[in-house]
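S.K.: If it helps, the file is called entry12.cif and holds mmCIF, C-alpha atoms, pLDDT in the B column; chains and numbers go by the auth columns:
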```cif
data_model
#
loop_
_atom_site.group_PDB
_atom_site.id
_atom_site.type_symbol
_atom_site.label_atom_id
_atom_site.label_comp_id
_atom_site.label_asym_id
_atom_site.label_seq_id
_atom_site.Cartn_x
_atom_site.Cartn_y
_atom_site.Cartn_z
_atom_site.B_iso_or_equiv
_atom_site.auth_seq_id
_atom_site.auth_asym_id
ATOM 1 C CA MET A 1 97.059 96.865 81.617 34.00 26 G
ATOM 2 C CA LYS A 2 100.602 98.047 82.139 41.00 27 G
ATOM 3 C CA THR A 3 101.331 99.688 85.467 47.00 28 G
ATOM 4 C CA LYS A 4 104.203 101.740 86.778 50.00 29 G
ATOM 5 C CA PHE A 5 105.518 98.691 88.619 56.00 30 G
ATOM 6 C CA SER A 6 105.203 96.284 85.694 65.00 31 G
ATOM 7 C CA GLU A 7 107.404 98.722 83.787 73.00 32 G
ATOM 8 C CA HIS A 8 109.892 98.689 86.673 75.00 33 G
ATOM 9 C CA ASP A 9 109.816 94.899 86.635 82.00 34 G
ATOM 10 C CA ALA A 10 110.587 94.872 82.912 84.00 35 G
ATOM 11 C CA VAL A 11 113.583 97.177 83.437 85.00 36 G
ATOM 12 C CA TYR A 12 114.786 95.058 86.341 89.00 37 G
ATOM 13 C CA LEU A 13 114.546 91.821 84.356 88.00 38 G
ATOM 14 C CA SER A 14 116.306 93.327 81.352 90.00 39 G
ATOM 15 C CA ARG A 15 119.184 94.849 83.324 92.00 40 G
ATOM 16 C CA ARG A 16 119.777 92.568 86.268 93.00 41 G
ATOM 17 C CA ARG A 17 122.365 90.288 84.665 92.00 42 G
ATOM 18 C CA GLU A 18 124.239 93.308 83.345 93.00 43 G
ATOM 19 C CA VAL A 19 124.346 94.757 86.865 91.00 44 G
ATOM 20 C CA ALA A 20 125.354 91.375 88.327 92.00 45 G
ATOM 21 C CA ALA A 21 128.296 91.201 85.907 94.00 46 G
ATOM 22 C CA ASP A 22 129.191 94.796 86.748 93.00 47 G
ATOM 23 C CA ILE A 23 129.598 93.934 90.447 92.00 48 G
ATOM 24 C CA GLY A 24 131.578 90.806 89.654 94.00 49 G
ATOM 25 C CA ARG A 25 128.797 88.266 90.292 93.00 50 G
ATOM 26 C CA PRO A 26 127.662 87.146 86.815 93.00 51 G
ATOM 27 C CA ASP A 27 125.809 84.079 88.150 93.00 52 G
ATOM 28 C CA LEU A 28 124.122 85.974 90.981 91.00 53 G
ATOM 29 C CA TYR A 29 120.564 85.524 89.765 92.00 54 G
ATOM 30 C CA ASP A 30 120.971 81.805 89.245 92.00 55 G
ATOM 31 C CA VAL A 31 121.041 81.728 93.054 91.00 56 G
ATOM 32 C CA ILE A 32 118.664 84.634 93.760 90.00 57 G
ATOM 33 C CA ASP A 33 115.861 83.082 91.732 92.00 58 G
ATOM 34 C CA GLN A 34 116.126 79.987 93.936 95.00 59 G
ATOM 35 C CA PHE A 35 116.362 81.968 97.182 91.00 60 G
ATOM 36 C CA GLY A 36 113.976 79.707 99.082 93.00 61 G
ATOM 37 C CA LEU A 37 116.042 76.683 98.148 94.00 62 G
ATOM 38 C CA TYR A 38 119.334 77.955 99.556 93.00 63 G
ATOM 39 C CA ALA A 39 118.453 80.378 102.373 93.00 64 G
ATOM 40 C CA GLY A 40 118.401 79.187 105.966 94.00 65 G
ATOM 41 C CA ALA A 41 115.117 79.144 107.855 95.00 66 G
ATOM 42 C CA GLN A 42 116.097 82.093 110.066 94.00 67 G
ATOM 43 C CA THR A 43 117.048 84.172 107.013 93.00 68 G
ATOM 44 C CA LEU A 44 113.617 83.576 105.534 94.00 69 G
ATOM 45 C CA VAL A 45 111.607 84.240 108.677 95.00 70 G
ATOM 46 C CA ARG A 46 113.687 87.285 109.594 96.00 71 G
ATOM 47 C CA SER A 47 112.686 88.955 106.330 96.00 72 G
ATOM 48 C CA HIS A 48 109.085 87.959 106.982 96.00 73 G
ATOM 49 C CA ALA A 49 109.211 89.364 110.512 98.00 74 G
ATOM 50 C CA VAL A 50 110.684 92.703 109.468 98.00 75 G
ATOM 51 C CA CYS A 51 108.181 93.143 106.645 97.00 76 G
ATOM 52 C CA ASP A 52 105.281 92.173 108.919 98.00 77 G
ATOM 53 C CA LEU A 53 106.377 94.824 111.422 98.00 78 G
ATOM 54 C CA LEU A 54 106.678 97.350 108.603 98.00 79 G
ATOM 55 C CA ARG A 55 103.189 96.377 107.411 98.00 80 G
ATOM 56 C CA GLN A 56 101.833 97.355 110.827 98.00 81 G
ATOM 57 C CA THR A 57 102.988 100.948 110.237 98.00 82 G
ATOM 58 C CA LEU A 58 101.762 101.470 106.673 98.00 83 G
ATOM 59 C CA GLU A 59 98.924 103.685 107.920 97.00 84 G
ATOM 60 C CA THR A 60 101.127 105.441 110.473 98.00 85 G
ATOM 61 C CA PRO A 61 102.352 108.843 109.259 98.00 86 G
ATOM 62 C CA GLY A 62 106.064 109.333 108.786 98.00 87 G
ATOM 63 C CA ASP A 63 109.155 108.098 107.006 98.00 88 G
ATOM 64 C CA ILE A 64 111.240 104.960 107.482 98.00 89 G
ATOM 65 C CA VAL A 65 114.803 105.053 108.806 98.00 90 G
ATOM 66 C CA GLU A 66 117.434 102.368 109.134 98.00 91 G
ATOM 67 C CA PHE A 67 120.418 102.966 111.380 98.00 92 G
ATOM 68 C CA GLY A 68 123.206 100.745 110.071 97.00 93 G
ATOM 69 C CA CYS A 69 122.456 99.203 106.675 98.00 94 G
ATOM 70 C CA TRP A 70 125.727 97.259 106.157 97.00 95 G
ATOM 71 C CA LYS A 71 125.338 95.589 102.720 97.00 96 G
ATOM 72 C CA GLY A 72 121.789 96.846 102.180 97.00 97 G
ATOM 73 C CA ALA A 73 119.818 93.584 102.306 97.00 98 G
ATOM 74 C CA ASN A 74 117.354 94.698 104.976 98.00 99 G
ATOM 75 C CA LEU A 75 117.027 98.160 103.420 98.00 100 G
ATOM 76 C CA LEU A 76 116.158 96.830 99.969 98.00 101 G
ATOM 77 C CA THR A 77 113.879 94.134 101.377 97.00 102 G
ATOM 78 C CA MET A 78 111.844 96.815 103.140 98.00 103 G
ATOM 79 C CA ALA A 79 111.873 99.051 100.070 98.00 104 G
ATOM 80 C CA LYS A 80 110.596 96.275 97.805 96.00 105 G
ATOM 81 C CA PHE A 81 107.873 95.366 100.289 97.00 106 G
ATOM 82 C CA LEU A 82 106.774 98.999 100.572 97.00 107 G
ATOM 83 C CA SER A 83 106.737 99.444 96.795 95.00 108 G
ATOM 84 C CA VAL A 84 104.277 96.553 96.467 94.00 109 G
ATOM 85 C CA MET A 85 102.105 97.092 99.547 95.00 110 G
ATOM 86 C CA GLN A 86 101.834 100.892 99.323 95.00 111 G
ATOM 87 C CA PRO A 87 102.762 101.948 95.791 92.00 112 G
ATOM 88 C CA ASN A 88 101.310 105.457 96.134 91.00 113 G
ATOM 89 C CA THR A 89 102.981 106.217 99.450 94.00 114 G
ATOM 90 C CA ILE A 90 104.740 109.491 100.144 96.00 115 G
ATOM 91 C CA LYS A 91 107.001 107.764 102.673 98.00 116 G
ATOM 92 C CA GLN A 92 110.730 108.197 102.158 98.00 117 G
ATOM 93 C CA MET A 93 113.411 105.760 103.340 98.00 118 G
ATOM 94 C CA TYR A 94 116.739 106.863 104.823 98.00 119 G
ATOM 95 C CA ALA A 95 119.643 104.561 105.674 98.00 120 G
ATOM 96 C CA PHE A 96 122.526 105.819 107.823 98.00 121 G
ATOM 97 C CA ASP A 97 125.947 104.177 107.593 98.00 122 G
ATOM 98 C CA SER A 98 129.606 105.169 107.453 97.00 123 G
ATOM 99 C CA PHE A 99 130.535 102.153 105.277 96.00 124 G
ATOM 100 C CA GLU A 100 133.742 102.007 107.332 96.00 125 G
ATOM 101 C CA GLY A 101 132.704 99.236 109.726 94.00 126 G
ATOM 102 C CA LEU A 102 132.372 99.409 113.510 94.00 127 G
ATOM 103 C CA GLN A 103 134.440 102.307 114.890 94.00 128 G
ATOM 104 C CA THR A 104 132.688 104.254 117.671 91.00 129 G
ATOM 105 C CA PHE A 105 133.190 102.012 120.707 94.00 130 G
ATOM 106 C CA ASP A 106 132.187 103.044 124.221 94.00 131 G
ATOM 107 C CA GLU A 107 132.941 101.369 127.542 92.00 132 G
ATOM 108 C CA LYS A 108 129.277 100.291 127.587 95.00 133 G
ATOM 109 C CA ASP A 109 130.003 98.080 124.581 94.00 134 G
ATOM 110 C CA GLY A 110 132.566 96.064 126.540 90.00 135 G
ATOM 111 C CA ALA A 111 136.254 95.607 125.852 83.00 136 G
ATOM 112 C CA LYS A 112 135.733 92.242 124.191 77.00 137 G
ATOM 113 C CA ALA A 113 133.498 93.713 121.499 81.00 138 G
ATOM 114 C CA GLU A 114 136.107 96.300 120.553 83.00 139 G
ATOM 115 C CA GLN A 115 138.946 93.780 120.538 82.00 140 G
ATOM 116 C CA GLU A 116 137.075 91.308 118.356 89.00 141 G
ATOM 117 C CA THR A 117 134.915 93.428 116.053 93.00 142 G
ATOM 118 C CA ARG A 118 136.553 96.803 115.355 92.00 143 G
ATOM 119 C CA GLY A 119 136.297 97.394 111.613 90.00 144 G
ATOM 120 C CA ASP A 120 133.778 94.591 111.032 93.00 145 G
ATOM 121 C CA TYR A 121 130.629 95.025 108.912 94.00 146 G
ATOM 122 C CA VAL A 122 132.028 97.197 106.139 95.00 147 G
ATOM 123 C CA GLY A 123 129.333 97.646 103.503 95.00 148 G
ATOM 124 C CA ASP A 124 129.742 98.516 99.839 96.00 149 G
ATOM 125 C CA GLU A 125 128.052 101.837 99.176 97.00 150 G
ATOM 126 C CA ALA A 126 128.554 101.585 95.412 97.00 151 G
ATOM 127 C CA VAL A 127 126.810 98.204 95.189 97.00 152 G
ATOM 128 C CA ILE A 128 123.858 99.397 97.266 98.00 153 G
ATOM 129 C CA ARG A 129 123.455 102.443 95.036 98.00 154 G
ATOM 130 C CA LYS A 130 123.546 100.221 91.938 97.00 155 G
ATOM 131 C CA MET A 131 120.785 98.065 93.405 96.00 156 G
ATOM 132 C CA ILE A 132 118.681 101.071 94.397 97.00 157 G
ATOM 133 C CA ALA A 133 118.957 102.252 90.800 96.00 158 G
ATOM 134 C CA LEU A 134 118.258 98.791 89.343 95.00 159 G
ATOM 135 C CA HIS A 135 114.945 98.651 91.175 95.00 160 G
ATOM 136 C CA GLY A 136 114.001 102.239 90.352 94.00 161 G
ATOM 137 C CA PHE A 137 114.052 103.487 93.938 96.00 162 G
ATOM 138 C CA GLU A 138 116.382 106.482 93.571 96.00 163 G
ATOM 139 C CA GLU A 139 113.696 109.100 94.282 96.00 164 G
ATOM 140 C CA TRP A 140 112.713 107.760 97.682 97.00 165 G
ATOM 141 C CA VAL A 141 115.457 105.471 99.061 98.00 166 G
ATOM 142 C CA HIS A 142 118.362 107.571 100.316 98.00 167 G
ATOM 143 C CA LEU A 143 121.767 106.812 101.854 98.00 168 G
ATOM 144 C CA VAL A 144 123.075 109.189 104.521 98.00 169 G
ATOM 145 C CA VAL A 145 126.806 108.481 104.549 98.00 170 G
ATOM 146 C CA GLY A 146 129.234 109.359 107.321 98.00 171 G
ATOM 147 C CA ASN A 147 129.805 109.069 111.047 97.00 172 G
ATOM 148 C CA ALA A 148 126.272 108.658 112.401 97.00 173 G
ATOM 149 C CA ILE A 149 127.092 110.580 115.571 97.00 174 G
ATOM 150 C CA GLU A 150 127.453 113.601 113.292 98.00 175 G
ATOM 151 C CA THR A 151 125.106 112.824 110.390 98.00 176 G
ATOM 152 C CA ILE A 152 122.026 111.987 112.459 98.00 177 G
ATOM 153 C CA PRO A 153 121.815 115.305 114.367 98.00 178 G
ATOM 154 C CA GLU A 154 122.543 117.193 111.156 98.00 179 G
ATOM 155 C CA PHE A 155 119.853 115.277 109.250 98.00 180 G
ATOM 156 C CA PHE A 156 117.193 116.026 111.837 98.00 181 G
ATOM 157 C CA ARG A 157 118.278 119.674 112.077 98.00 182 G
ATOM 158 C CA GLN A 158 117.769 120.014 108.344 98.00 183 G
ATOM 159 C CA ASN A 159 114.520 118.012 108.379 98.00 184 G
ATOM 160 C CA ASP A 160 112.758 119.335 111.450 96.00 185 G
ATOM 161 C CA HIS A 161 109.382 118.746 109.759 96.00 186 G
ATOM 162 C CA LYS A 162 109.918 114.990 109.509 97.00 187 G
ATOM 163 C CA MET A 163 107.874 112.386 111.345 98.00 188 G
ATOM 164 C CA ILE A 164 109.029 108.776 111.642 98.00 189 G
ATOM 165 C CA SER A 165 106.755 105.742 111.414 98.00 190 G
ATOM 166 C CA PHE A 166 109.357 102.960 111.509 99.00 191 G
ATOM 167 C CA ALA A 167 112.957 102.904 112.706 99.00 192 G
ATOM 168 C CA TYR A 168 115.257 99.890 112.391 98.00 193 G
ATOM 169 C CA VAL A 169 118.237 100.134 114.758 98.00 194 G
ATOM 170 C CA ASP A 170 121.238 98.004 113.785 98.00 195 G
ATOM 171 C CA PHE A 171 124.295 100.034 114.821 97.00 196 G
ATOM 172 C CA ASP A 172 125.258 97.411 117.461 96.00 197 G
ATOM 173 C CA LEU A 173 127.263 99.987 119.450 97.00 198 G
ATOM 174 C CA TYR A 174 126.038 102.178 122.291 97.00 199 G
ATOM 175 C CA GLU A 175 126.883 105.714 121.203 97.00 200 G
ATOM 176 C CA PRO A 176 125.434 105.762 117.667 98.00 201 G
ATOM 177 C CA CYS A 177 122.359 103.868 118.932 98.00 202 G
ATOM 178 C CA ALA A 178 121.852 106.410 121.719 98.00 203 G
ATOM 179 C CA VAL A 179 122.151 109.326 119.276 98.00 204 G
ATOM 180 C CA ALA A 180 119.693 107.683 116.878 98.00 205 G
ATOM 181 C CA LEU A 181 117.156 106.955 119.606 98.00 206 G
ATOM 182 C CA GLU A 182 117.343 110.461 121.049 98.00 207 G
ATOM 183 C CA HIS A 183 116.246 111.911 117.715 98.00 208 G
ATOM 184 C CA VAL A 184 113.725 109.247 116.757 98.00 209 G
ATOM 185 C CA ASP A 185 112.031 109.531 120.146 98.00 210 G
ATOM 186 C CA ARG A 186 111.200 113.173 119.402 97.00 211 G
ATOM 187 C CA CYS A 187 109.529 112.539 116.054 98.00 212 G
ATOM 188 C CA LEU A 188 108.150 108.989 116.187 98.00 213 G
ATOM 189 C CA SER A 189 104.423 108.958 115.455 98.00 214 G
ATOM 190 C CA VAL A 190 101.938 107.322 117.801 98.00 215 G
ATOM 191 C CA ASN A 191 101.755 103.629 116.751 98.00 216 G
ATOM 192 C CA GLY A 192 105.204 103.959 115.206 98.00 217 G
ATOM 193 C CA LEU A 193 107.771 101.225 115.828 99.00 218 G
ATOM 194 C CA ILE A 194 111.419 101.160 116.854 99.00 219 G
ATOM 195 C CA VAL A 195 112.879 97.768 115.944 98.00 220 G
ATOM 196 C CA PHE A 196 116.198 96.604 117.397 98.00 221 G
ATOM 197 C CA ASP A 197 118.326 94.065 115.600 98.00 222 G
ATOM 198 C CA GLU A 198 120.738 93.235 118.450 96.00 223 G
ATOM 199 C CA ALA A 199 119.330 94.656 121.713 97.00 224 G
ATOM 200 C CA LEU A 200 119.109 92.145 124.591 95.00 225 G
ATOM 201 C CA THR A 201 122.004 90.072 123.244 95.00 226 G
ATOM 202 C CA ASP A 202 125.170 89.449 125.265 93.00 227 G
ATOM 203 C CA GLN A 203 127.381 90.133 122.258 93.00 228 G
ATOM 204 C CA TRP A 204 126.164 93.719 121.805 95.00 229 G
ATOM 205 C CA PRO A 205 125.300 95.129 125.239 95.00 230 G
ATOM 206 C CA GLY A 206 125.590 98.723 124.050 96.00 231 G
ATOM 207 C CA GLU A 207 122.496 98.497 121.851 97.00 232 G
ATOM 208 C CA GLY A 208 120.488 97.085 124.744 97.00 233 G
ATOM 209 C CA ILE A 209 121.732 99.747 127.164 98.00 234 G
ATOM 210 C CA ALA A 210 120.716 102.459 124.692 98.00 235 G
ATOM 211 C CA ALA A 211 117.256 100.896 124.413 98.00 236 G
ATOM 212 C CA ARG A 212 116.826 100.716 128.193 98.00 237 G
ATOM 213 C CA GLU A 213 117.965 104.332 128.599 98.00 238 G
ATOM 214 C CA LEU A 214 115.363 105.404 126.054 98.00 239 G
ATOM 215 C CA LEU A 215 112.640 103.691 128.070 98.00 240 G
ATOM 216 C CA ASP A 216 113.925 105.296 131.294 98.00 241 G
ATOM 217 C CA LYS A 217 114.187 108.837 129.930 97.00 242 G
ATOM 218 C CA SER A 218 111.462 109.198 127.322 98.00 243 G
ATOM 219 C CA THR A 219 108.288 111.166 127.994 98.00 244 G
ATOM 220 C CA ASN A 220 106.562 108.952 125.407 98.00 245 G
ATOM 221 C CA THR A 221 104.831 105.733 126.430 98.00 246 G
ATOM 222 C CA TYR A 222 106.129 102.562 124.794 98.00 247 G
ATOM 223 C CA GLU A 223 104.925 98.988 124.663 98.00 248 G
ATOM 224 C CA THR A 224 107.698 96.368 124.533 98.00 249 G
ATOM 225 C CA ILE A 225 107.262 93.443 122.140 97.00 250 G
ATOM 226 C CA ILE A 226 109.261 90.488 120.886 97.00 251 G
ATOM 227 C CA VAL A 227 108.736 88.446 117.735 96.00 252 G
ATOM 228 C CA PRO A 228 108.668 84.917 119.151 96.00 253 G
ATOM 229 C CA TYR A 229 109.754 82.986 116.080 95.00 254 G
ATOM 230 C CA VAL A 230 112.966 84.809 115.123 96.00 255 G
ATOM 231 C CA ARG A 231 116.376 85.434 116.673 95.00 256 G
ATOM 232 C CA GLN A 232 116.535 88.877 115.059 96.00 257 G
ATOM 233 C CA PRO A 233 115.067 91.425 115.430 98.00 258 G
ATOM 234 C CA THR A 234 115.338 91.035 119.191 98.00 259 G
ATOM 235 C CA LEU A 235 113.134 93.829 120.565 98.00 260 G
ATOM 236 C CA VAL A 236 110.342 96.069 119.286 98.00 261 G
ATOM 237 C CA LEU A 237 109.028 99.259 120.900 98.00 262 G
ATOM 238 C CA ARG A 238 105.627 100.539 119.865 98.00 263 G
ATOM 239 C CA ARG A 239 104.770 104.112 120.798 98.00 264 G
ATOM 240 C CA LEU A 240 101.394 104.196 122.536 98.00 265 G
ATOM 241 C CA ALA A 241 101.237 107.881 123.480 97.00 266 G
#
```
Step by step, read the file and then write its structure as structure tokens.
M.R.:
Amino acid sequence: MKTKFSEHDAVYLSRRREVAADIGRPDLYDVIDQFGLYAGAQTLVRSHAVCDLLRQTLETPGDIVEFGCWKGANLLTMAKFLSVMQPNTIKQMYAFDSFEGLQTFDEKDGAKAEQETRGDYVGDEAVIRKMIALHGFEEWVHLVVGNAIETIPEFFRQNDHKMISFAYVDFDLYEPCAVALEHVDRCLSVNGLIVFDEALTDQWPGEGIAARELLDKSTNTYETIIVPYVRQPTLVLRRLA
């Protein structure tokens, strides 16, 4: 019997080489189809870890947000997992990024970070949109483009009814992380997760400071967790009450 997703698979298989050529990577799927052969162990287990954390929130009400999607790999990995594990879900996915690289440095990020990384991690919005379309996710995977310090408050003002079940924080820098956490803290469902890509690392102190401030200030109760077999994500907060 044909299903909605077998039809999506047929479209994907028929169009993927066309899309690969369109983005200047005509041999892309010669590598992608052998992903397990070429990928490093940490790349493989990181994807497993993120999807396992997402799996834990499938029955938790609310949408999924990613703060800092860079080139879109984590975003599309989560979207593909969700499409298979919960095909009838009403969950939406929102990814926030300026696509201009790291810009909003604070003294809490450290001078070294600004000197060495300003402008790093520039993603390609057009390529991500092409891939969202290739996989048939346009109706429920959304990019929120712009300076996150401005776009996040505006998004939550316009979507005051939203609840969040899963938030992936990968802004690296203090100020956008703090803004993201302030808003997620207000609408994260009980049993929802906040997952930090870089908190607790020496390279990105700002993300860790923002996480600690959330724990100090929040009226919610959080459990702190680590995933013992991966380098990233580095910290997970589960809302208990």
S.K.: Within 9 Å of segment 203-217 of chain G, counting all atoms listed in the file, which residues qualify if same-chain residues fewer than 2 places away don't, as an MDAnalysis selection string?
M.R.: chainID G and resid 81:82 85:87 92 173:174 177:178 181 185:192 194 198:201 219 231:232 234:236 238:239 243:245 262:266
S.K.: To test your reading of the syntax: which residues would the PyMOL selection byres ((chain G and resi 97) around 12) return for the file shown? Reply as a ChimeraX atom specification.
M.R.: /G:91-96,98-104,119-122,124,146-157,166-168,195
S.K.: Can you translate the PyMOL selection byres ((chain G and resi 33-44) around 8) into the concrete residues it hits in this file, as a PDB file with C-alpha atoms, keeping the file's coordinate frame?
M.R.:
```pdb
ATOM      1  CA  LYS G  29     104.203 101.740  86.778  1.00 50.00           C
ATOM      2  CA  PHE G  30     105.518  98.691  88.619  1.00 56.00           C
ATOM      3  CA  SER G  31     105.203  96.284  85.694  1.00 65.00           C
ATOM      4  CA  GLU G  32     107.404  98.722  83.787  1.00 73.00           C
ATOM      5  CA  ALA G  45     125.354  91.375  88.327  1.00 92.00           C
ATOM      6  CA  ALA G  46     128.296  91.201  85.907  1.00 94.00           C
ATOM      7  CA  ASP G  47     129.191  94.796  86.748  1.00 93.00           C
ATOM      8  CA  ILE G  48     129.598  93.934  90.447  1.00 92.00           C
ATOM      9  CA  PRO G  51     127.662  87.146  86.815  1.00 93.00           C
ATOM     10  CA  ASP G  52     125.809  84.079  88.150  1.00 93.00           C
ATOM     11  CA  LEU G  53     124.122  85.974  90.981  1.00 91.00           C
ATOM     12  CA  TYR G  54     120.564  85.524  89.765  1.00 92.00           C
ATOM     13  CA  LYS G 155     123.546 100.221  91.938  1.00 97.00           C
ATOM     14  CA  LEU G 159     118.258  98.791  89.343  1.00 95.00           C
ATOM     15  CA  HIS G 160     114.945  98.651  91.175  1.00 95.00           C
ATOM     16  CA  GLY G 161     114.001 102.239  90.352  1.00 94.00           C
TER      17      GLY G 161
END
```
S.K.: Of the candidates G:Phe180, G:Trp165, G:Tyr247, G:Phe196, which one gets nearest to Leu107 of chain G if we count all atoms listed in the file?
M.R.: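 When distances to Leu107 of chain G are compared using all atoms listed in the file, the smallest one comes from G:Trp165.
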S.K.: Could you state the separation of atom CA of Leu260 of chain G and atom CA of Leu79 of chain G in Å, given to one decimal place?
M.R.: 14.0 Å
S.K.: Could you work out how far atom CA of Ile57 of chain G lies from atom CA of Glu164 of chain G, giving the answer in Å with one decimal?
M.R.: 25.0 Å
S.K.: The PyMOL selection byres ((chain G and resi 251) around 10) on the file shown: which residues, as a CSV table (one decimal) with C-alpha atoms, in the frame of the given file?
M.R.:
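The resulting file, result_2.csv, is shown below:
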```csv
chain,number,residue,atom,x,y,z
G,220,VAL,CA,112.9,97.8,115.9
G,221,PHE,CA,116.2,96.6,117.4
G,249,THR,CA,107.7,96.4,124.5
G,250,ILE,CA,107.3,93.4,122.1
G,252,VAL,CA,108.7,88.4,117.7
G,253,PRO,CA,108.7,84.9,119.2
G,254,TYR,CA,109.8,83.0,116.1
G,255,VAL,CA,113.0,84.8,115.1
G,256,ARG,CA,116.4,85.4,116.7
G,257,GLN,CA,116.5,88.9,115.1
G,258,PRO,CA,115.1,91.4,115.4
G,259,THR,CA,115.3,91.0,119.2
G,260,LEU,CA,113.1,93.8,120.6
G,261,VAL,CA,110.3,96.1,119.3
G,262,LEU,CA,109.0,99.3,120.9
```
S.K.: Using atom CA of Ile115 of chain G and atom CA of Leu240 of chain G as the two end points, give the distance in Å to one decimal.
M.R.: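 Spanning atom CA of Ile115 of chain G to atom CA of Leu240 of chain G is a straight-line distance of 29.6 Å.
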S.K.: Tell me, as number ranges by chain, which residues lie within 12 Å of Gln140 of chain G, counting all atoms listed in the file; anything in the same chain fewer than 4 positions away does not count.
M.R.: G: 127-128, 130, 132, 134-136, 144-145
S.K.: With distances taken over only C-alpha atoms, which of G:Val170, G:Ala74, G:Cys202, G:Ile89 is nearest to Trp229 of chain G?
M.R.: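 The answer is G:Cys202, which sits nearest to Trp229 of chain G.
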S.K.: For segment 70-73 of chain G, I'd like the enclosing box, axis-aligned and padded by 6 Å on every side, reported as lines of an AutoDock Vina configuration file with centre and edge lengths in Å to one decimal.
M.R.:
```
center_x = 111.4
center_y = 86.6
center_z = 108.0
size_x = 16.6
size_y = 16.7
size_z = 15.3
```
